[in-house]
>>> print(open('upload-v5.pdb').read())   # PDB, C-alpha atoms (C1' of nucleotides)
ATOM      1  CA  MET K   1       0.000   0.000   0.000
ATOM      2  CA  ALA K   2       1.752   3.078  -1.202
ATOM      3  CA  ALA K   3       1.442   6.367   0.518
ATOM      4  CA  MET K   4       2.163   9.619  -1.195
ATOM      5  CA  PRO K   5       3.173  11.909   1.501
ATOM      6  CA  GLU K   6       3.218  15.438   0.243
ATOM      7  CA  LEU K   7       1.847  18.141   2.533
ATOM      8  CA  PRO K   8      -1.861  17.301   2.163
ATOM      9  CA  GLU K   9      -1.287  13.639   2.934
ATOM     10  CA  VAL K  10       0.840  14.450   5.961
ATOM     11  CA  GLU K  11      -1.756  16.902   7.251
ATOM     12  CA  VAL K  12      -4.603  14.454   6.676
ATOM     13  CA  THR K  13      -2.627  11.836   8.557
ATOM     14  CA  ARG K  14      -1.999  14.256  11.414
ATOM     15  CA  ARG K  15      -5.659  15.183  11.724
ATOM     16  CA  SER K  16      -6.688  11.570  11.679
ATOM     17  CA  PHE K  17      -4.892  10.673  14.896
ATOM     18  CA  ALA K  18      -3.845  13.864  16.697
ATOM     19  CA  ASP K  19      -6.941  14.115  18.912
ATOM     20  CA  ALA K  20      -6.985  10.437  19.690
ATOM     21  CA  ILE K  21      -3.375  10.230  20.795
ATOM     22  CA  GLU K  22      -3.151  13.505  22.715
ATOM     23  CA  GLY K  23      -2.753  12.771  26.405
ATOM     24  CA  ALA K  24      -1.888   9.120  25.867
ATOM     25  CA  THR K  25       0.831   7.457  27.900
ATOM     26  CA  VAL K  26       3.590   5.543  26.187
ATOM     27  CA  LEU K  27       3.650   1.898  27.227
ATOM     28  CA  GLN K  28       6.290   0.616  24.864
ATOM     29  CA  ALA K  29       8.265   1.543  21.767
ATOM     30  CA  ARG K  30       9.883  -0.611  19.133
ATOM     31  CA  LEU K  31      12.194  -0.042  16.202
ATOM     32  CA  GLY K  32      12.363  -2.204  13.090
ATOM     33  CA  LYS K  33      15.015  -1.814  10.437
ATOM     34  CA  PRO K  34      16.980   1.423  10.424
ATOM     35  CA  LEU K  35      15.228   4.421   8.960
ATOM     36  CA  ARG K  36      16.909   7.423   7.426
ATOM     37  CA  TRP K  37      18.411   8.559  10.722
ATOM     38  CA  PRO K  38      18.848   6.900  14.092
ATOM     39  CA  LEU K  39      16.190   7.575  16.695
ATOM     40  CA  GLY K  40      18.835   9.050  18.946
ATOM     41  CA  LEU K  41      17.401   7.535  22.107
ATOM     42  CA  ASP K  42      16.669   4.148  23.610
ATOM     43  CA  CYS K  43      13.120   3.046  22.975
ATOM     44  CA  ALA K  44      12.853   2.199  26.650
ATOM     45  CA  SER K  45      13.394   5.861  27.513
ATOM     46  CA  LEU K  46      10.071   6.753  25.939
ATOM     47  CA  VAL K  47       8.062   4.551  28.249
ATOM     48  CA  GLY K  48       5.947   6.491  30.698
ATOM     49  CA  GLY K  49       6.055   9.631  28.567
ATOM     50  CA  ARG K  50       2.910  11.569  27.791
ATOM     51  CA  VAL K  51       2.028  12.456  24.212
ATOM     52  CA  GLY K  52       1.083  16.072  23.581
ATOM     53  CA  ALA K  53      -0.573  17.841  20.667
ATOM     54  CA  VAL K  54       0.704  16.589  17.322
ATOM     55  CA  THR K  55       1.654  19.384  14.959
ATOM     56  CA  ARG K  56       2.954  19.610  11.418
ATOM     57  CA  ARG K  57       5.662  21.735   9.848
ATOM     58  CA  GLY K  58       6.083  21.235   6.132
ATOM     59  CA  LYS K  59       6.052  17.487   5.675
ATOM     60  CA  TYR K  60       7.320  16.828   9.182
ATOM     61  CA  LEU K  61       5.168  15.812  12.112
ATOM     62  CA  TRP K  62       6.079  16.737  15.639
ATOM     63  CA  LEU K  63       4.948  14.468  18.454
ATOM     64  CA  PRO K  64       5.629  16.067  21.825
ATOM     65  CA  ILE K  65       6.470  13.503  24.478
ATOM     66  CA  SER K  66       7.047  14.750  27.974
ATOM     67  CA  GLY K  67       7.647  13.418  31.388
ATOM     68  CA  ALA K  68       9.117  10.024  30.600
ATOM     69  CA  PRO K  69      11.068   9.114  33.702
ATOM     70  CA  ALA K  70      14.107   8.027  31.726
ATOM     71  CA  GLN K  71      14.415  11.319  29.886
ATOM     72  CA  ALA K  72      16.991  13.438  31.583
ATOM     73  CA  GLY K  73      16.545  17.171  31.635
ATOM     74  CA  ASP K  74      12.986  17.254  30.351
ATOM     75  CA  GLY K  75      11.523  20.241  32.125
ATOM     76  CA  SER K  76       8.140  20.290  30.492
ATOM     77  CA  ALA K  77       5.257  18.023  31.389
ATOM     78  CA  ASP K  78       2.403  19.655  29.518
ATOM     79  CA  GLY K  79       3.133  18.711  25.937
ATOM     80  CA  SER K  80       3.789  22.325  25.026
ATOM     81  CA  ALA K  81       5.847  23.563  22.110
ATOM     82  CA  SER K  82       9.006  23.518  24.205
ATOM     83  CA  SER K  83       8.553  19.894  25.148
ATOM     84  CA  ALA K  84      10.826  17.146  23.964
ATOM     85  CA  GLY K  85       9.426  14.830  21.346
ATOM     86  CA  LEU K  86       9.691  12.874  18.138
ATOM     87  CA  LEU K  87      10.121  14.455  14.745
ATOM     88  CA  MET K  88       8.672  12.191  12.094
ATOM     89  CA  HIS K  89       8.929  12.224   8.330
ATOM     90  CA  LEU K  90       7.194   9.822   5.961
ATOM     91  CA  GLY K  91       9.787  10.023   3.225
ATOM     92  CA  MET K  92       8.510   8.716  -0.065
ATOM     93  CA  SER K  93       6.740   5.580   1.015
ATOM     94  CA  GLY K  94       5.852   6.020   4.664
ATOM     95  CA  SER K  95       2.453   5.933   6.291
ATOM     96  CA  LEU K  96       1.231   6.097   9.858
ATOM     97  CA  ALA K  97      -1.562   4.028  11.335
ATOM     98  CA  PHE K  98      -3.089   4.587  14.752
ATOM     99  CA  THR K  99      -5.197   1.632  15.793
ATOM    100  CA  ALA K 100      -6.677   0.231  18.972
ATOM    101  CA  GLN K 101      -5.663  -3.273  18.091
ATOM    102  CA  ALA K 102      -2.737  -4.161  15.892
ATOM    103  CA  GLY K 103      -1.099  -7.404  15.026
ATOM    104  CA  PRO K 104       2.600  -8.166  15.157
ATOM    105  CA  PRO K 105       4.816  -5.904  13.050
ATOM    106  CA  GLY K 106       5.112  -6.736   9.371
ATOM    107  CA  THR K 107       8.213  -6.563   7.218
ATOM    108  CA  HIS K 108       7.851  -2.849   6.598
ATOM    109  CA  ASP K 109       6.731  -1.737  10.027
ATOM    110  CA  HIS K 110       9.766   0.073  11.369
ATOM    111  CA  PHE K 111       8.508   2.065  14.315
ATOM    112  CA  ASP K 112       5.832   1.316  16.898
ATOM    113  CA  LEU K 113       4.689   3.590  19.680
ATOM    114  CA  LEU K 114       2.339   1.641  21.867
ATOM    115  CA  THR K 115       0.214   3.818  24.134
ATOM    116  CA  ASP K 116      -2.687   3.250  26.490
ATOM    117  CA  ARG K 117      -4.940   4.587  23.739
ATOM    118  CA  GLY K 118      -3.651   2.606  20.813
ATOM    119  CA  LEU K 119      -0.665   1.801  18.670
ATOM    120  CA  LEU K 120       0.963   4.336  16.393
ATOM    121  CA  ARG K 121       2.804   2.428  13.695
ATOM    122  CA  LEU K 122       5.053   3.672  10.915
ATOM    123  CA  THR K 123       5.073   1.506   7.816
ATOM    124  CA  ASP K 124       7.729   2.495   5.312
ATOM    125  CA  PRO K 125       8.981   0.041   2.664
ATOM    126  CA  ARG K 126      11.673   2.301   1.246
ATOM    127  CA  ARG K 127      12.796   3.580   4.639
ATOM    128  CA  PHE K 128      13.428   7.126   3.495
ATOM    129  CA  GLY K 129      11.263   8.149   6.402
ATOM    130  CA  ALA K 130      12.534   9.058   9.827
ATOM    131  CA  VAL K 131      11.686   9.196  13.508
ATOM    132  CA  VAL K 132      14.115  11.347  15.442
ATOM    133  CA  TRP K 133      14.187  12.206  19.108
ATOM    134  CA  SER K 134      14.800  15.853  19.917
ATOM    135  CA  PRO K 135      14.921  17.744  23.211
ATOM    136  CA  SER K 136      12.615  20.335  21.623
ATOM    137  CA  GLN K 137      11.602  21.617  18.215
ATOM    138  CA  GLN K 138      13.835  24.624  18.667
ATOM    139  CA  THR K 139      16.938  22.707  19.653
ATOM    140  CA  GLY K 140      18.764  19.533  18.752
ATOM    141  CA  PRO K 141      18.128  17.491  15.622
ATOM    142  CA  ALA K 142      14.632  18.888  15.090
ATOM    143  CA  ALA K 143      15.877  22.446  14.958
ATOM    144  CA  LYS K 144      18.497  21.447  12.450
ATOM    145  CA  LEU K 145      16.018  19.637  10.225
ATOM    146  CA  LEU K 146      13.353  22.315  10.404
ATOM    147  CA  ALA K 147      15.736  25.212   9.879
ATOM    148  CA  GLY K 148      15.513  26.710   6.439
ATOM    149  CA  LEU K 149      11.982  25.582   5.725
ATOM    150  CA  GLY K 150       9.945  28.150   3.848
ATOM    151  CA  LEU K 151       6.546  29.521   4.800
ATOM    152  CA  GLU K 152       3.537  27.275   5.198
ATOM    153  CA  PRO K 153       1.405  27.594   2.049
ATOM    154  CA  PHE K 154      -1.644  28.687   4.059
ATOM    155  CA  ASP K 155       0.287  31.231   6.072
ATOM    156  CA  PRO K 156      -1.149  34.634   5.130
ATOM    157  CA  ARG K 157       2.414  35.858   4.704
ATOM    158  CA  PHE K 158       2.802  33.491   1.774
ATOM    159  CA  ASN K 159       1.735  35.597  -1.175
ATOM    160  CA  GLY K 160       2.962  36.720  -4.571
ATOM    161  CA  LEU K 161       5.328  39.225  -3.034
ATOM    162  CA  HIS K 162       6.987  36.613  -0.840
ATOM    163  CA  LEU K 163       7.231  34.124  -3.690
ATOM    164  CA  HIS K 164       8.576  36.718  -6.077
ATOM    165  CA  ALA K 165      11.217  37.792  -3.580
ATOM    166  CA  GLY K 166      12.178  34.186  -2.941
ATOM    167  CA  LEU K 167      12.569  33.435  -6.624
ATOM    168  CA  SER K 168      14.578  36.547  -7.397
ATOM    169  CA  GLY K 169      18.239  36.042  -8.075
ATOM    170  CA  ARG K 170      17.810  32.333  -8.740
ATOM    171  CA  ARG K 171      18.916  30.834 -11.968
ATOM    172  CA  VAL K 172      17.273  27.450 -11.413
ATOM    173  CA  ALA K 173      14.049  26.519 -13.099
ATOM    174  CA  VAL K 174      10.997  27.773 -11.257
ATOM    175  CA  LYS K 175       9.798  24.222 -10.644
ATOM    176  CA  LEU K 176      13.014  23.249  -8.893
ATOM    177  CA  ALA K 177      12.863  26.406  -6.800
ATOM    178  CA  LEU K 178       9.345  25.451  -5.691
ATOM    179  CA  LEU K 179      10.460  21.928  -4.870
ATOM    180  CA  ALA K 180      13.392  23.145  -2.799
ATOM    181  CA  GLY K 181      10.958  24.117  -0.043
ATOM    182  CA  ASP K 182      12.874  27.093   1.263
ATOM    183  CA  ILE K 183      10.374  29.610  -0.103
ATOM    184  CA  VAL K 184       7.199  27.685   0.554
ATOM    185  CA  VAL K 185       6.869  24.167   1.923
ATOM    186  CA  GLY K 186       4.554  21.381   0.927
ATOM    187  CA  ALA K 187       4.598  21.323  -2.846
ATOM    188  CA  GLY K 188       6.197  18.040  -3.834
ATOM    189  CA  ASN K 189       6.673  16.805  -7.351
ATOM    190  CA  ILE K 190       3.005  16.249  -8.107
ATOM    191  CA  TYR K 191       1.655  19.464  -6.675
ATOM    192  CA  ALA K 192       4.489  21.559  -8.094
ATOM    193  CA  CYS K 193       3.599  20.265 -11.571
ATOM    194  CA  GLU K 194      -0.086  20.873 -10.963
ATOM    195  CA  ALA K 195       0.387  24.377  -9.584
ATOM    196  CA  LEU K 196       2.545  25.423 -12.523
ATOM    197  CA  PHE K 197      -0.083  24.124 -14.905
ATOM    198  CA  LEU K 198      -2.852  26.001 -13.095
ATOM    199  CA  ALA K 199      -0.792  29.175 -13.234
ATOM    200  CA  GLY K 200       0.097  28.693 -16.902
ATOM    201  CA  ILE K 201       3.820  28.812 -16.223
ATOM    202  CA  ASP K 202       6.474  26.789 -18.044
ATOM    203  CA  PRO K 203       8.293  24.743 -15.375
ATOM    204  CA  ARG K 204      11.609  25.393 -17.129
ATOM    205  CA  LEU K 205      11.374  29.146 -16.762
ATOM    206  CA  ALA K 206      14.276  30.553 -14.778
ATOM    207  CA  ALA K 207      12.992  31.382 -11.310
ATOM    208  CA  ALA K 208      14.201  34.970 -11.417
ATOM    209  CA  LYS K 209      12.387  35.611 -14.675
ATOM    210  CA  LEU K 210       8.946  35.130 -13.238
ATOM    211  CA  SER K 211       7.146  38.471 -13.163
ATOM    212  CA  ARG K 212       5.468  39.813 -10.057
ATOM    213  CA  PRO K 213       1.909  39.264 -11.395
ATOM    214  CA  ARG K 214       2.729  35.726 -12.452
ATOM    215  CA  ALA K 215       4.287  35.056  -9.043
ATOM    216  CA  GLU K 216       0.985  36.158  -7.587
ATOM    217  CA  ARG K 217      -0.830  33.681  -9.777
ATOM    218  CA  LEU K 218       1.601  30.913  -8.898
ATOM    219  CA  ALA K 219       1.266  31.523  -5.169
ATOM    220  CA  GLN K 220      -2.492  31.348  -5.572
ATOM    221  CA  ALA K 221      -2.159  28.140  -7.599
ATOM    222  CA  VAL K 222       0.047  26.480  -4.991
ATOM    223  CA  ARG K 223      -2.472  27.271  -2.254
ATOM    224  CA  SER K 224      -5.361  26.202  -4.399
ATOM    225  CA  VAL K 225      -3.875  22.862  -5.444
ATOM    226  CA  LEU K 226      -2.855  21.986  -1.897
ATOM    227  CA  ALA K 227      -6.224  23.086  -0.510
ATOM    228  CA  GLN K 228      -8.035  20.968  -3.067
ATOM    229  CA  ALA K 229      -5.979  17.914  -2.237
ATOM    230  CA  LEU K 230      -6.464  18.514   1.460
ATOM    231  CA  GLU K 231     -10.202  18.799   1.052
ATOM    232  CA  ALA K 232     -10.252  15.595  -0.942
ATOM    233  CA  GLY K 233      -8.678  13.784   1.971
ATOM    234  CA  GLY K 234      -5.162  13.880   0.658
ATOM    235  CA  THR K 235      -5.784  11.657  -2.276
ATOM    236  CA  THR K 236      -3.659  12.112  -5.292
ATOM    237  CA  LEU K 237      -2.932   9.272  -7.634
ATOM    238  CA  ARG K 238      -3.013   5.954  -5.916
ATOM    239  CA  ASP K 239      -4.200   4.543  -2.665
ATOM    240  CA  PHE K 240      -3.321   6.902   0.132
ATOM    241  CA  LYS K 241      -5.021   6.191   3.436
ATOM    242  CA  ASP K 242      -5.005   8.125   6.677
ATOM    243  CA  ALA K 243      -4.062   6.714  10.068
ATOM    244  CA  HIS K 244      -7.425   4.947  10.359
ATOM    245  CA  GLY K 245      -7.101   3.347   6.960
ATOM    246  CA  VAL K 246      -9.646   5.747   5.446
ATOM    247  CA  ALA K 247      -8.957   6.466   1.809
ATOM    248  CA  GLY K 248      -9.196   9.931   0.307
ATOM    249  CA  SER K 249     -12.184  10.809  -1.795
ATOM    250  CA  PHE K 250     -10.304  10.938  -5.075
ATOM    251  CA  GLN K 251     -11.500  14.424  -5.948
ATOM    252  CA  MET K 252      -8.051  15.787  -6.516
ATOM    253  CA  GLN K 253      -7.450  14.699 -10.067
ATOM    254  CA  ALA K 254      -4.058  15.385 -11.506
ATOM    255  CA  ARG K 255      -4.344  17.548 -14.599
ATOM    256  CA  VAL K 256      -0.822  16.968 -15.860
ATOM    257  CA  TYR K 257       1.022  14.654 -13.477
ATOM    258  CA  GLY K 258       1.391  11.171 -14.930
ATOM    259  CA  ARG K 259      -0.465  12.161 -18.107
ATOM    260  CA  GLU K 260       2.348  12.085 -20.639
ATOM    261  CA  GLY K 261       0.993  11.921 -24.162
ATOM    262  CA  GLN K 262      -2.589  12.424 -23.069
ATOM    263  CA  PRO K 263      -4.483  15.494 -24.241
ATOM    264  CA  CYS K 264      -4.275  18.667 -22.180
ATOM    265  CA  LEU K 265      -7.623  19.246 -20.518
ATOM    266  CA  ILE K 266      -7.614  22.823 -21.757
ATOM    267  CA  CYS K 267      -6.174  22.725 -25.276
ATOM    268  CA  ALA K 268      -5.959  18.990 -26.095
ATOM    269  CA  HIS K 269      -2.257  19.292 -26.889
ATOM    270  CA  PRO K 270      -0.381  16.187 -25.667
ATOM    271  CA  ILE K 271       1.131  16.559 -22.200
ATOM    272  CA  LYS K 272       4.916  16.471 -22.184
ATOM    273  CA  ARG K 273       7.238  14.790 -19.758
ATOM    274  CA  ILE K 274      10.745  16.076 -19.178
ATOM    275  CA  THR K 275      13.360  15.515 -16.490
ATOM    276  CA  GLN K 276      14.369  18.253 -14.103
ATOM    277  CA  GLY K 277      16.728  17.529 -11.257
ATOM    278  CA  GLN K 278      16.428  13.776 -11.891
ATOM    279  CA  ARG K 279      12.678  13.936 -11.476
ATOM    280  CA  SER K 280       9.789  13.886 -13.895
ATOM    281  CA  THR K 281       8.037  17.095 -14.805
ATOM    282  CA  PHE K 282       4.735  17.002 -16.648
ATOM    283  CA  PHE K 283       3.388  20.057 -18.421
ATOM    284  CA  CYS K 284       1.505  21.413 -21.411
ATOM    285  CA  SER K 285       3.864  23.253 -23.731
ATOM    286  CA  GLN K 286       0.894  25.055 -25.231
ATOM    287  CA  CYS K 287      -0.749  26.350 -22.072
ATOM    288  CA  GLN K 288       2.377  26.903 -19.989
ATOM    289  CA  LYS K 289       4.531  29.766 -21.199
ATOM    290  CA  LYS K 290       8.003  31.032 -20.376
TER     291      LYS K 290
ATOM    292  C1'  DC P   1      26.103  31.420  -1.825
ATOM    293  C1'  DT P   2      24.201  28.878  -5.763
ATOM    294  C1'  DG P   3      23.349  24.920  -8.329
ATOM    295  C1'  DG P   4      23.833  20.251  -9.820
ATOM    296  C1'  DG P   5      24.091  15.550  -8.885
ATOM    297  C1'  DC P   6      24.102  11.601  -5.759
ATOM    298  C1'  DT P   7      22.294   8.948  -2.272
ATOM    299  C1'  DC P   8      19.527   6.114   0.950
ATOM    300  C1'  DC P   9      15.962   1.340  -0.060
ATOM    301  C1'  DT P  10      12.291  -1.522  -1.846
ATOM    302  C1'  DG P  11       8.314  -2.234  -4.749
ATOM    303  C1'  DT P  12       6.034  -2.164  -9.141
ATOM    304  C1'  DC P  13       5.403  -2.279 -13.815
ATOM    305  C1'  DA P  14       6.585  -2.548 -18.793
ATOM    306  C1'  DG P  15       8.987  -5.039 -22.091
ATOM    307  C1'  DC P  16      11.313  -8.887 -23.868
TER     308       DC P  16
ATOM    309  C1'  DT M   1       6.548 -17.258 -16.154
ATOM    310  C1'  DG M   2      10.931 -15.053 -15.302
ATOM    311  C1'  DC M   3      14.321 -11.753 -15.756
ATOM    312  C1'  DT M   4      15.932  -6.911 -16.349
ATOM    313  C1'  DG M   5      15.768  -2.221 -16.281
ATOM    314  C1'  DA M   6      13.353   2.017 -15.537
ATOM    315  C1'  DC M   7      11.067   4.587 -12.416
ATOM    316  C1'  DA M   8       8.724   6.117  -8.029
ATOM    317  C1'  DG M   9       5.460  10.943  -4.481
ATOM    318  C1'  DG M  10      11.750  13.364  -0.445
ATOM    319  C1'  DA M  11      15.365  15.906   0.740
ATOM    320  C1'  DG M  12      19.968  16.131   3.058
ATOM    321  C1'  DC M  13      24.600  16.352   1.712
ATOM    322  C1'  DC M  14      28.756  16.953  -0.839
ATOM    323  C1'  DC M  15      31.310  19.165  -4.230
ATOM    324  C1'  DA M  16      32.305  22.453  -8.035
TER     325       DA M  16
END
>>> encode(input="upload-v5.pdb", output="structure tokens")
Amino acid sequence: MAAMPELPEVEVTRRSFADAIEGATVLQARLGKPLRWPLGLDCASLVGGRVGAVTRRGKYLWLPISGAPAQAGDGSADGSASSAGLLMHLGMSGSLAFTAQAGPPGTHDHFDLLTDRGLLRLTDPRRFGAVVWSPSQQTGPAAKLLAGLGLEPFDPRFNGLHLHAGLSGRRVAVKLALLAGDIVVGAGNIYACEALFLAGIDPRLAAAKLSRPRAERLAQAVRSVLAQALEAGGTTLRDFKDAHGVAGSFQMQARVYGREGQPCLICAHPIKRITQGQRSTFFCSQCQKK
DNA sequence: CTGGGCTCCTGTCAGC
DNA sequence: TGCTGACAGGAGCCCA
């Protein structure tokens, strides 16, 4: 079962278990095969900890865990932002399930957090995902990983002006600049392609060459594509499911992604596929201009 | 500082 | 049916 964790999928996952797990007590933790980075803590040290409010930053989830007896120097016991916790990333193939009853771990289940309210389980075949212990979001490994992330797409400060400023002085193609995530987070390969199509912008256009008005349109398109996907339950192309195993509603139809050779929905010109930064870009050469 | 390319690992699918 | 190669939604890191 493939997950497709771009921002909407991560947010849908978060919403699907955040309320249920908040306030739970950790009974046990287990690691499977190594993920992208080491946990940085003994699983046993998590036992007795209390899970706080799960938040998201970009495609990362933050699970505050406070008050575990074995955690030295953990001053906070209320699950607040300054609490210690786990920074999680789903990589390219990760998914989280939170269930009351779960069987023994399967081949691709590489992290379990058993609580008195249920089991949070990370399944990740490719193991590009990560679960990393950090003394807080603002310090330690979490701070390092979250540093340099751009604005959240739904942050009111993310607008055409911000995008235009971020793109200025960059020679890279506008699509790669979007993907880099240091201007705005959350647009992965699919949604970057889709947003550029919506905005009528050629993905190969040098970032700095995008005019202010077109940057405005692109910012709007990024928000709109991500909002649509979010509303649809995070569904994009395949079989994404949230932490209860609920599938998305399949409303977010890709207009260009994965449609090489098929007619553009606007002008019927065949959709093109090119490679940018070792990744596929889909676009309509007729509707998307430089 | 920017930009380009590589890398981690496994599953799936198309083609022969 | 079996093998092989291409490709996959992320993103940190290293080097020019």
>>> resolve_selection(input="upload-v5.pdb", expression="the PyMOL selection byres ((chain M) within 12 of (chain K))", output="PyMOL selection string")
chain M and resi 7-12
>>> closest_residue(input="upload-v5.pdb", among="K:Trp37, K:Trp62, K:Phe158, K:Tyr257", to="Ala215 in chain K", atoms="only C-alpha atoms")
K:Phe158
>>> resolve_selection(input="upload-v5.pdb", expression="the PyMOL selection byres ((chain P and resi 1) around 12)", output="PyMOL selection string")
(chain K and resi 169-170) or (chain P and resi 2-3)
>>> atom_distance(input="upload-v5.pdb", atom1="CA of Leu151 in chain K", atom2="CA of Val185 in chain K")
6.1 Å
>>> resolve_selection(input="upload-v5.pdb", expression="the PyMOL selection byres ((chain K) within 10 of (chain P))", output="JSON, numbers by chain")
{"K": [1, 2, 35, 36, 93, 108, 124, 125, 126, 127, 128, 169, 170, 171, 172, 277, 278]}
>>> atom_distance(input="upload-v5.pdb", atom1="CA of Asp202 in chain K", atom2="CA of Glu152 in chain K")
23.4 Å
>>> residues_around(input="upload-v5.pdb", residues="range 193-198 of chain K", least_positions_apart="2", cutoff="7 Å", atoms="only C-alpha atoms (C1' of nucleotides)", output="PyMOL selection string")
chain K and resi 189-191+200-203+218+221-222+225+254-257+281-283+288
>>> closest_residue(input="upload-v5.pdb", among="K:Ile274, K:Ala130, K:Cys284, K:Leu96", to="Ala199 in chain K", atoms="only C-alpha atoms")
K:Cys284
>>> axis_aligned_box(input="upload-v5.pdb", around="range 226-236 of chain K", padding_each_side="6 Å", output="JSON")
{"center_x": -6.6, "center_y": 17.4, "center_z": -1.7, "size_x": 19.4, "size_y": 23.4, "size_z": 19.3}
>>> residues_near_point(input="upload-v5.pdb", point="(15.4, 19.9, 7.9)", cutoff="10 Å", atoms="all atoms listed in the file", output="PyMOL selection string")
(chain K and resi 58-60+141-149) or (chain M and resi 11-12)
>>> atom_distance(input="upload-v5.pdb", atom1="CA of Leu176 in chain K", atom2="CA of Arg217 in chain K")
17.4 Å
>>> closest_residue(input="upload-v5.pdb", among="K:Ala243, K:Ala177, K:Val26, K:Leu210", to="Gly94 in chain K", atoms="only C-alpha atoms")
K:Ala243
